[in-house]
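Listing of query15.pdb; format and content: PDB, C-alpha atoms and all ligand atoms.
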```pdb
ATOM      1  CA  MET A   9      -2.193   8.745 -11.178
ATOM      2  CA  GLY A  10      -0.149   7.257  -8.381
ATOM      3  CA  TYR A  11      -0.703   4.171  -6.328
ATOM      4  CA  TRP A  12       0.072   3.421  -2.714
ATOM      5  CA  ILE A  13       0.842   0.274  -0.819
ATOM      6  CA  HIS A  14      -0.036   0.141   2.841
ATOM      7  CA  LEU A  15       2.101  -2.450   4.533
ATOM      8  CA  LYS A  16       0.764  -3.631   7.880
ATOM      9  CA  ARG A  17       3.295  -5.981   9.375
ATOM     10  CA  SER A  18       1.217  -6.507  12.493
ATOM     11  CA  LEU A  19      -1.482  -8.063  10.263
ATOM     12  CA  ASP A  20       1.022  -9.537   7.800
ATOM     13  CA  GLN A  21      -0.909  -7.695   5.093
ATOM     14  CA  ALA A  22      -0.105  -5.419   2.173
ATOM     15  CA  MET A  23      -2.964  -3.432   0.630
ATOM     16  CA  LEU A  24      -2.929  -1.593  -2.699
ATOM     17  CA  HIS A  25      -4.669   1.810  -2.913
ATOM     18  CA  LYS A  26      -5.307   4.406  -5.585
ATOM     19  CA  ASP A  27      -3.961   7.917  -5.234
ATOM     20  CA  ARG A  28      -7.112   9.519  -3.875
ATOM     21  CA  CYS A  29      -8.314   6.849  -1.487
ATOM     22  CA  LEU A  30      -9.820   8.139   1.754
ATOM     23  CA  GLU A  31      -7.693   5.649   3.655
ATOM     24  CA  ILE A  32      -4.488   7.433   2.744
ATOM     25  CA  PRO A  33      -3.437   9.674   5.614
ATOM     26  CA  SER A  34      -3.174  13.368   4.762
ATOM     27  CA  GLY A  35      -0.524  14.194   7.329
ATOM     28  CA  PRO A  36       3.122  13.248   7.316
ATOM     29  CA  MET A  37       3.570   9.505   6.919
ATOM     30  CA  ARG A  38       6.156   7.384   8.400
ATOM     31  CA  ALA A  39       7.448   4.137   6.983
ATOM     32  CA  ASP A  40       9.011   1.756   9.387
ATOM     33  CA  PHE A  41      10.793  -1.459   8.553
ATOM     34  CA  TRP A  42       9.221  -3.315  11.470
ATOM     35  CA  GLU A  43       5.752  -1.775  11.485
ATOM     36  CA  GLY A  44       5.364  -1.127   7.767
ATOM     37  CA  GLY A  45       3.810   2.069   6.459
ATOM     38  CA  TRP A  46       2.790   3.776   3.218
ATOM     39  CA  PHE A  47       4.818   3.511   0.043
ATOM     40  CA  GLU A  48       4.063   5.463  -3.133
ATOM     41  CA  TYR A  49       4.456   4.187  -6.708
ATOM     42  CA  PRO A  50       4.121   6.157  -9.954
ATOM     43  CA  ASP A  51       1.944   3.672 -11.861
ATOM     44  CA  LYS A  52      -0.127   0.552 -11.410
ATOM     45  CA  ASP A  53       2.351  -1.899 -12.967
ATOM     46  CA  THR A  54       5.111  -0.796 -10.623
ATOM     47  CA  ALA A  55       2.732  -0.932  -7.668
ATOM     48  CA  LEU A  56       1.522  -4.435  -8.548
ATOM     49  CA  ASP A  57       5.112  -5.642  -8.883
ATOM     50  CA  ALA A  58       5.934  -4.113  -5.519
ATOM     51  CA  LEU A  59       2.838  -5.689  -3.972
ATOM     52  CA  GLU A  60       3.914  -9.129  -5.172
ATOM     53  CA  ASN A  61       7.402  -8.508  -3.851
ATOM     54  CA  THR A  62       6.326  -7.653  -0.320
ATOM     55  CA  ASP A  63       6.874 -10.430   2.153
ATOM     56  CA  ALA A  64       3.358 -10.033   3.544
ATOM     57  CA  THR A  65       1.301 -13.222   3.425
ATOM     58  CA  SER A  66      -1.892 -11.379   2.542
ATOM     59  CA  GLN A  67      -1.678  -9.186  -0.569
ATOM     60  CA  VAL A  68      -4.996  -7.471  -1.161
ATOM     61  CA  LYS A  69      -6.604  -4.558  -3.005
ATOM     62  CA  CYS A  70      -8.525  -1.875  -1.153
ATOM     63  CA  PRO A  71     -12.306  -2.502  -1.169
ATOM     64  CA  LEU A  72     -12.962   1.267  -1.011
ATOM     65  CA  CYS A  73     -10.962   2.660  -3.938
ATOM     66  CA  LYS A  74     -10.819  -0.603  -5.925
ATOM     67  CA  PRO A  75      -7.408  -0.138  -7.578
TER
HETATM   68 ZN    ZN B 101      -8.036   2.439  -0.843
END
```

Please render this file's structure as structure tokens.
Ligand SMILES: [Zn+2]
Amino acid sequence: MGYWIHLKRSLDQAMLHKDRCLEIPSGPMRADFWEGGWFEYPDKDTALDALENTDATSQVKCPLCKP
């Protein structure tokens, strides 16, 4: 199962999601250095490492899919 990080630079927040979360957009996604975006990771360890390495002040887990 994959994991996703949603980086929201406007909120200075990075949120971790599970693969099947309803929050994940189904259409084409765009990742933007300035605005952030969605980034996929193959497993939870990699995703947690990536979450810690984001420069977002707030690093949180999704309350819906509870990764
Ligand atoms: Zn989620």

Provide the atom CA of A:Asp20 to atom CA of A:Asp40 distance in Å, to one decimal place.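 One can read the atom CA of A:Asp20 to atom CA of A:Asp40 distance as 13.9 Å.
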
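Considering only C-alpha atoms and all ligand atoms, the residues that reside within 6 Å of ligand ZN 101 (chain B) can be listed as His25, Lys26, Cys29, Glu31, Cys70, Leu72 and Cys73 of chain A.
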
Extract, using only C-alpha atoms, all DNA, RNA and protein residues at most 7 Å from A:Trp12, discarding same-chain residues fewer than 4 positions from it, and format them as a VMD selection string. chain A and resid 24 to 27 46 to 49

Using all atoms listed in the file, which of the listed residues (A:Ile13, A:Ala58, A:Leu19, A:Ala64) sits closest to A:Ile32?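 Among the listed residues, A:Ile13 lies closest to A:Ile32.
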
Quick one: distance from atom CA of A:Ala55 to atom CA of A:Lys69 in Å, one decimal?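 About the pair atom CA of A:Ala55 and atom CA of A:Lys69: they are 11.0 Å apart.
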
Box time for stretch 52-64 of chain A: axis-aligned, enclosing all its listed atoms, 3 Å extra on each side; report centre and edge lengths in Å to one decimal, as AutoDock Vina command-line options.
```
--center_x 3.6 --center_y -4.9 --center_z -4.7 --size_x 13.5 --size_y 17.0 --size_z 22.5
```
